[in-house]
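Chemist: Dropping the structure in here first, questions after.
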Amino acid sequence: MDLMRAISFPFDDRDWLSKTVVGALVMVLGTVLPFIPLGYQLYVTREVMRGHSHPLPGASELGITLSEGLIAFVASLIYALPVLVLSCCLGVVSAILGGSDMGSVMLLCLTLCLGTLALVYGVLAGAFFLVGMIRYAQEGDFVVFLRFGELWEQARAHSDVLIELGIYLLVLGVVGAVVTSLLSITIIGVPVALFFLSVASGHLIGQAGHAMTRA
């Protein structure tokens, strides 16, 4: 995978400026509506996997970008349900046991156990979601996010690609956080940074998808 390519590809499009303006304006809402960045990410993922040289979405692709972002967001909510259930259970137990020293110790042990479980689940769910994004970009069927057996087999078969993708996404996220904090002094800086972060991460996922389908 090529991180620098994922960062620089928007500027290869002759209409990059107008597409960036549209994307930044949409990302004003994207700062509070997470399905919008997901939509841009998914659109670029699909275009990269199809081998298109200019995968940056513009105004004419806005409808499909937002609608498919909503689909991916629903899938992410389904994946997050077990963690939400665990959090609710921990809250109930905390209310019951929090009134005594022994209860506090038991609550601490339970929190550590559930926290470890949530961390392991989060890693697996993240891998499943990335594979699901790639499969959805190929097939356009929401059901692929729920075929957990197939997702597991594909994640296991391409674990090296997913690990590399995870590292690159982590690096990109750190860089994006730094840039976003620096640009937060401007009015439009944060939406612009969010736009570039979304399309760059989508390009990386597309590269991973291309490597997985080619293997």
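Starting from 1 in every chain, residues are counted up; chains themselves are A, B, ... following the order of the structure tokens, and ligands are numbered from 1 as listed.
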For the interface of range 25-134 of chain A with range 1-17 of chain A (cut-off 12 Å, counting only C-alpha atoms), please tabulate each contacting residue of range 25-134 of chain A alongside its nearest pair of atoms and their separation in Å to one decimal, rows sorted by chain and increasing number, as a Markdown table.
Modeler:
```
| residue | atom | partner | partner_atom | distance |
| --- | --- | --- | --- | --- |
| A:Gln41 | CA | A:Ala6 | CA | 11.6 |
| A:Val44 | CA | A:Ala6 | CA | 10.2 |
| A:Thr45 | CA | A:Ala6 | CA | 10.8 |
| A:Val48 | CA | A:Ala6 | CA | 10.1 |
| A:His52 | CA | A:Asp13 | CA | 11.3 |
| A:Ser53 | CA | A:Asp13 | CA | 8.5 |
| A:His54 | CA | A:Asp13 | CA | 5.8 |
| A:Pro55 | CA | A:Pro10 | CA | 8.0 |
| A:Leu56 | CA | A:Pro10 | CA | 6.3 |
| A:Pro57 | CA | A:Trp16 | CA | 9.3 |
| A:Gly58 | CA | A:Asp15 | CA | 8.5 |
| A:Ala59 | CA | A:Asp15 | CA | 11.0 |
```
Chemist: Residues of the last selection are to be written out with N, CA and C atoms, as a short mmCIF file (atom, residue, chain, number, x, y, z; two decimals), in the first residue's frame.
Modeler:
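Here's the written file result_33.cif:
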```cif
data_model
loop_
_atom_site.label_atom_id
_atom_site.label_comp_id
_atom_site.auth_asym_id
_atom_site.auth_seq_id
_atom_site.Cartn_x
_atom_site.Cartn_y
_atom_site.Cartn_z
N GLN A 41 -15.58 7.97 2.12
CA GLN A 41 -14.62 6.89 2.25
C GLN A 41 -15.00 5.70 1.38
N VAL A 44 -14.67 6.41 -2.53
CA VAL A 44 -13.28 6.34 -3.01
C VAL A 44 -12.79 4.90 -2.99
N THR A 45 -13.16 4.14 -1.98
CA THR A 45 -12.78 2.72 -1.91
C THR A 45 -13.22 1.99 -3.17
N VAL A 48 -11.27 3.17 -6.39
CA VAL A 48 -9.90 2.68 -6.42
C VAL A 48 -9.87 1.20 -6.78
N HIS A 52 -10.13 3.20 -11.28
CA HIS A 52 -10.33 4.54 -11.83
C HIS A 52 -9.20 5.46 -11.41
N SER A 53 -8.69 6.22 -12.34
CA SER A 53 -7.54 7.07 -12.05
C SER A 53 -7.90 8.33 -11.28
N HIS A 54 -9.17 8.75 -11.35
CA HIS A 54 -9.61 9.95 -10.63
C HIS A 54 -10.83 9.60 -9.78
N PRO A 55 -10.58 9.00 -8.61
CA PRO A 55 -11.70 8.50 -7.79
C PRO A 55 -12.33 9.52 -6.85
N LEU A 56 -11.99 10.79 -7.02
CA LEU A 56 -12.51 11.81 -6.11
C LEU A 56 -13.96 12.16 -6.46
N PRO A 57 -14.91 12.04 -5.52
CA PRO A 57 -16.31 12.35 -5.83
C PRO A 57 -16.56 13.85 -5.91
N GLY A 58 -17.47 14.24 -6.79
CA GLY A 58 -17.85 15.64 -6.93
C GLY A 58 -19.32 15.83 -6.59
N ALA A 59 -19.86 16.97 -7.01
CA ALA A 59 -21.26 17.29 -6.68
C ALA A 59 -22.23 16.30 -7.30
#
```
Chemist: Using only C-alpha atoms, determine which residues lie at most 10 Å from range 77-86 of chain A, disregarding the query and same-chain residues fewer than 4 positions distant; provide the list as a list in words.
Modeler: Ala72, Phe73, Leu90, Gly91, Val92, Thr111, Leu114, Gly115, Leu117, Ala118, Leu119, Tyr121, Gly122, Leu124, Ala125, Gly126, Phe128, Phe129, Phe145 and Leu146 of chain A
Chemist: Nearest to Ile163 in chain A: which of A:Val93, A:Val22, A:Ala208, A:Leu108 is it, counting only C-alpha atoms?
Modeler: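 Answer, going by the shortest atom-to-atom distance: A:Ala208.
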Chemist: Could you jot down the CA of Phe35 in chain A to CA of Leu182 in chain A separation for me, Å, one decimal place?
Modeler: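 A separation of 24.2 Å between them.
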Chemist: Name the closest residue to Gly202 in chain A among the candidates A:Leu183, A:Ala177, A:Leu38, A:Val131; distances are taken between atoms, counting only C-alpha atoms.
Modeler: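 Among the listed residues, the smallest separation from Gly202 in chain A belongs to A:Leu38.
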Chemist: Give me, as a list of chain:residue names, all polymer residues having an atom no more than 8 Å from Thr180 in chain A, counting only C-alpha atoms and skipping those fewer than 3 positions away in the same chain.
Modeler: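 Listed by chain and then number, they are A:Gly176, A:Ala177, A:Leu183, A:Ser184, A:Gly189, A:Val190, A:Ala193, A:Leu194.
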Chemist: Kindly export the residues of the current selection with C-alpha atoms, as a PDB file, in the first residue's frame.
Modeler:
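Resulting contents of again-v7.pdb:
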```
ATOM      1  CA  GLY A 176      -5.079  13.994  10.535  1.00  0.00           C
ATOM      2  CA  ALA A 177      -5.602  14.793  14.215  1.00  0.00           C
ATOM      3  CA  LEU A 183      -6.454  24.154  11.218  1.00  0.00           C
ATOM      4  CA  SER A 184      -9.092  24.482  13.923  1.00  0.00           C
ATOM      5  CA  GLY A 189     -10.085  24.199   8.365  1.00  0.00           C
ATOM      6  CA  VAL A 190     -11.725  21.306  10.201  1.00  0.00           C
ATOM      7  CA  ALA A 193      -9.162  18.301   6.959  1.00  0.00           C
ATOM      8  CA  LEU A 194     -12.053  15.866   7.513  1.00  0.00           C
TER       9      LEU A 194
END
```
Chemist: Rounded to one decimal place, report the CA of Leu62 in chain A-CA of Gly23 in chain A distance in Å.
Modeler: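 Calculated distance between CA of Leu62 in chain A and CA of Gly23 in chain A is 8.9 Å.
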Chemist: Which residues come within 9 Å of Met27 in chain A, counting only C-alpha atoms, excluding same-chain residues fewer than 3 positions away, as a short mmCIF file (atom, residue, chain, number, x, y, z; two decimals) with C-alpha atoms, in the first residue's frame?
Modeler:
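What follows is the written file around.cif:
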```
data_model
loop_
_atom_site.label_atom_id
_atom_site.label_comp_id
_atom_site.auth_asym_id
_atom_site.auth_seq_id
_atom_site.Cartn_x
_atom_site.Cartn_y
_atom_site.Cartn_z
CA VAL A 22 -18.07 20.82 -2.29
CA GLY A 23 -16.62 18.17 -0.01
CA ALA A 24 -15.60 20.69 2.65
CA GLY A 30 -20.01 15.66 8.54
CA THR A 31 -18.50 16.90 11.80
CA VAL A 32 -21.76 15.88 13.53
CA LEU A 33 -23.17 13.32 11.05
CA ILE A 36 -21.06 11.62 5.61
CA PRO A 37 -17.32 10.90 6.02
CA VAL A 190 -11.73 21.31 10.20
CA PRO A 191 -14.19 20.35 7.39
CA VAL A 192 -11.38 20.53 4.82
CA LEU A 194 -12.05 15.87 7.51
CA PHE A 195 -12.69 15.72 3.76
#
```
Chemist: From the options A:Leu112, A:Val199, A:Ala157, A:Val175, which residue's atoms come nearest to Lys19 in chain A, counting only C-alpha atoms?
Modeler: A:Val199
Chemist: Report, in Å with one decimal, the straight-line distance from CA of Tyr168 in chain A to CA of Ile134 in chain A.
Modeler: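 Separation of CA of Tyr168 in chain A and CA of Ile134 in chain A: 16.3 Å.
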